[in-house]
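What follows is a short report on a single structure.
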Amino acid sequence: MTSLPLMRRGRGLLVGASLLAALAGADAALFSDDEARKAILDLRQRADAQKAATESIEKRLTEENNQLRRSLLDLQNQIEALRAEQARLRGQAEQASRDIAEAQRRQAAQGQAMDERLRSVEPQKVALDGLEFMASPAEKRDFDAALAVFRSGDFAGAQAAFLDFAKRYPKSGYYPSALFWLGNAQYATTHYKEAITNFRSMLNLAPDHARAPEALLSIANCQIELKDPRAARKTLEDLIRLHPQSEAAQAAKERLAKLR
């Protein structure tokens, strides 16, 4: 009787121990699943955080790249603007250089024109027949023109030209020479008395004129043409006495020999 209850009590204890062991195993399995889920959650959180960080970095890099491209584009635009401004300034400088050159050319032309105008009115030193004097360009031009008419053989035209010159320039240094050539033009046109008057006027005005011997000889020639040998002889003798070394004096000696 005693053994049976003990055996039953022993089996109960064994079953209880098995149950406790099973319960302990179940708890252990349950505990392992929670840790795994927690680990997975941690991994997911870390992965999400890493992904977010990566996306943030990529976004920042993208923005920085976009900003860099915009900066490069702005820089290129600035460079192009600077090049355009440089080209504009170069064009302005070249135009300014051309304008300055043109202004200098016009100034030089104006200066030359002014010089020419001044030369056309300012007296200039002239040397004629051994005399030096100041004469305006107009005086020189008119005298040379009248002398050119005489040398062309137009003695009537030369007479008119030298008469006009003498009236227009009575104070001119050309005046004695103008009287001399006027007298010669009048002699050539047989106006002997008028020629003598102008030759004498020339000698009274400039007795030491280089053409004074020729003027005396021309007076004698006019007197001969006027059939006044006595006056001609006196004039020739005066010529020889006053200008013995001149060519006119030699011609006067020849004329005197013929008058005797």
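A note on labels: chains of the structure tokens are A, B, ... as shown, every chain counts residues from 1, and ligands are counted from 1 in their shown order.
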> Which residues, written as a PyMOL selection string, have at least one atom at most 7 Å from segment 198-215 of chain A, with only C-alpha atoms counted and residues fewer than 4 positions away on the same chain left out?
Replying inline: chain A and resi 129-130+176+179-180+183+194+219+239+243+246+248
>> Using DSSP assignments from the backbone, pull out every residue in segment 85-205 of chain A that falls under helix (DSSP H, G or I) and give it to me as a ChimeraX atom specification.
In response: /A:85-121,137-151,155-168,175-188,192-205
Those same residues - C-alpha atoms - I'd like them written as a compact mmCIF listing (two decimals), in the first residue's frame.
```
# COMPACT_ATOMS: atom_id res chain seq x y z
CA GLU A 85 33.09 95.60 -72.95
CA GLN A 86 36.74 95.19 -73.90
CA ALA A 87 35.78 95.00 -77.59
CA ARG A 88 33.60 98.08 -77.18
CA LEU A 89 36.37 99.99 -75.44
CA ARG A 90 38.86 98.85 -78.10
CA GLY A 91 36.49 100.07 -80.78
CA GLN A 92 36.09 103.38 -78.97
CA ALA A 93 39.87 103.69 -78.63
CA GLU A 94 40.38 102.95 -82.31
CA GLN A 95 37.67 105.44 -83.25
CA ALA A 96 39.20 108.00 -80.90
CA SER A 97 42.59 107.38 -82.50
CA ARG A 98 41.07 107.89 -85.94
CA ASP A 99 39.29 111.01 -84.73
CA ILE A 100 42.52 112.38 -83.28
CA ALA A 101 44.40 111.62 -86.51
CA GLU A 102 41.66 113.30 -88.54
CA ALA A 103 41.65 116.30 -86.19
CA GLN A 104 45.43 116.55 -86.49
CA ARG A 105 45.15 116.31 -90.27
CA ARG A 106 42.50 119.05 -90.34
CA GLN A 107 44.56 121.16 -87.95
CA ALA A 108 47.64 120.72 -90.12
CA ALA A 109 45.62 121.60 -93.22
CA GLN A 110 44.15 124.63 -91.47
CA GLY A 111 47.61 125.64 -90.28
CA GLN A 112 48.97 125.29 -93.78
CA ALA A 113 46.05 127.28 -95.17
CA MET A 114 46.63 129.92 -92.51
CA ASP A 115 50.32 130.03 -93.35
CA GLU A 116 49.46 130.42 -97.01
CA ARG A 117 47.00 133.21 -96.22
CA LEU A 118 49.60 134.91 -94.07
CA ARG A 119 52.20 134.53 -96.79
CA SER A 120 49.70 135.99 -99.23
CA VAL A 121 49.41 139.20 -97.19
CA PRO A 137 52.95 138.96 -102.30
CA ALA A 138 50.45 141.01 -104.34
CA GLU A 139 53.18 143.49 -105.34
CA LYS A 140 55.51 140.72 -106.43
CA ARG A 141 52.75 138.92 -108.30
CA ASP A 142 51.66 142.04 -110.23
CA PHE A 143 55.21 143.13 -111.04
CA ASP A 144 56.19 139.66 -112.27
CA ALA A 145 52.99 139.50 -114.36
CA ALA A 146 53.71 142.87 -116.01
CA LEU A 147 57.33 141.89 -116.70
CA ALA A 148 56.15 138.62 -118.24
CA VAL A 149 53.93 140.62 -120.61
CA PHE A 150 56.92 142.77 -121.62
CA ARG A 151 59.13 139.75 -122.23
CA PHE A 155 54.82 146.14 -125.38
CA ALA A 156 51.48 147.90 -125.47
CA GLY A 157 50.12 145.43 -122.90
CA ALA A 158 53.28 145.82 -120.81
CA GLN A 159 52.91 149.62 -120.90
CA ALA A 160 49.36 149.32 -119.55
CA ALA A 161 50.43 146.77 -116.92
CA PHE A 162 53.34 148.86 -115.60
CA LEU A 163 51.25 152.05 -115.61
CA ASP A 164 48.66 150.22 -113.49
CA PHE A 165 51.38 148.90 -111.19
CA ALA A 166 52.86 152.37 -110.70
CA LYS A 167 49.44 153.76 -109.78
CA ARG A 168 48.64 150.95 -107.37
CA TYR A 175 58.54 151.18 -108.22
CA PRO A 176 61.93 152.28 -109.72
CA SER A 177 62.18 149.04 -111.71
CA ALA A 178 58.56 149.42 -112.80
CA LEU A 179 59.38 152.91 -114.16
CA PHE A 180 62.39 151.53 -116.01
CA TRP A 181 60.37 148.81 -117.75
CA LEU A 182 57.51 151.21 -118.38
CA GLY A 183 59.97 153.54 -120.14
CA ASN A 184 61.26 150.64 -122.24
CA ALA A 185 57.69 149.62 -123.20
CA GLN A 186 56.96 153.22 -124.20
CA TYR A 187 60.17 153.41 -126.21
CA ALA A 188 59.16 150.19 -128.01
CA TYR A 192 59.57 158.64 -126.65
CA LYS A 193 58.66 161.69 -124.57
CA GLU A 194 56.69 159.64 -122.08
CA ALA A 195 59.58 157.19 -121.95
CA ILE A 196 62.08 159.98 -121.19
CA THR A 197 59.82 161.25 -118.41
CA ASN A 198 59.61 157.86 -116.74
CA PHE A 199 63.36 157.14 -117.13
CA ARG A 200 64.17 160.49 -115.48
CA SER A 201 61.68 159.80 -112.71
CA MET A 202 63.39 156.51 -112.10
CA LEU A 203 66.86 158.16 -111.97
CA ASN A 204 65.65 160.87 -109.59
CA LEU A 205 64.10 158.27 -107.33
```
>> Report, in Å to a single decimal, how far apart atom CA of Thr189 of chain A and atom CA of Arg230 of chain A are.
In response: 23.3 Å
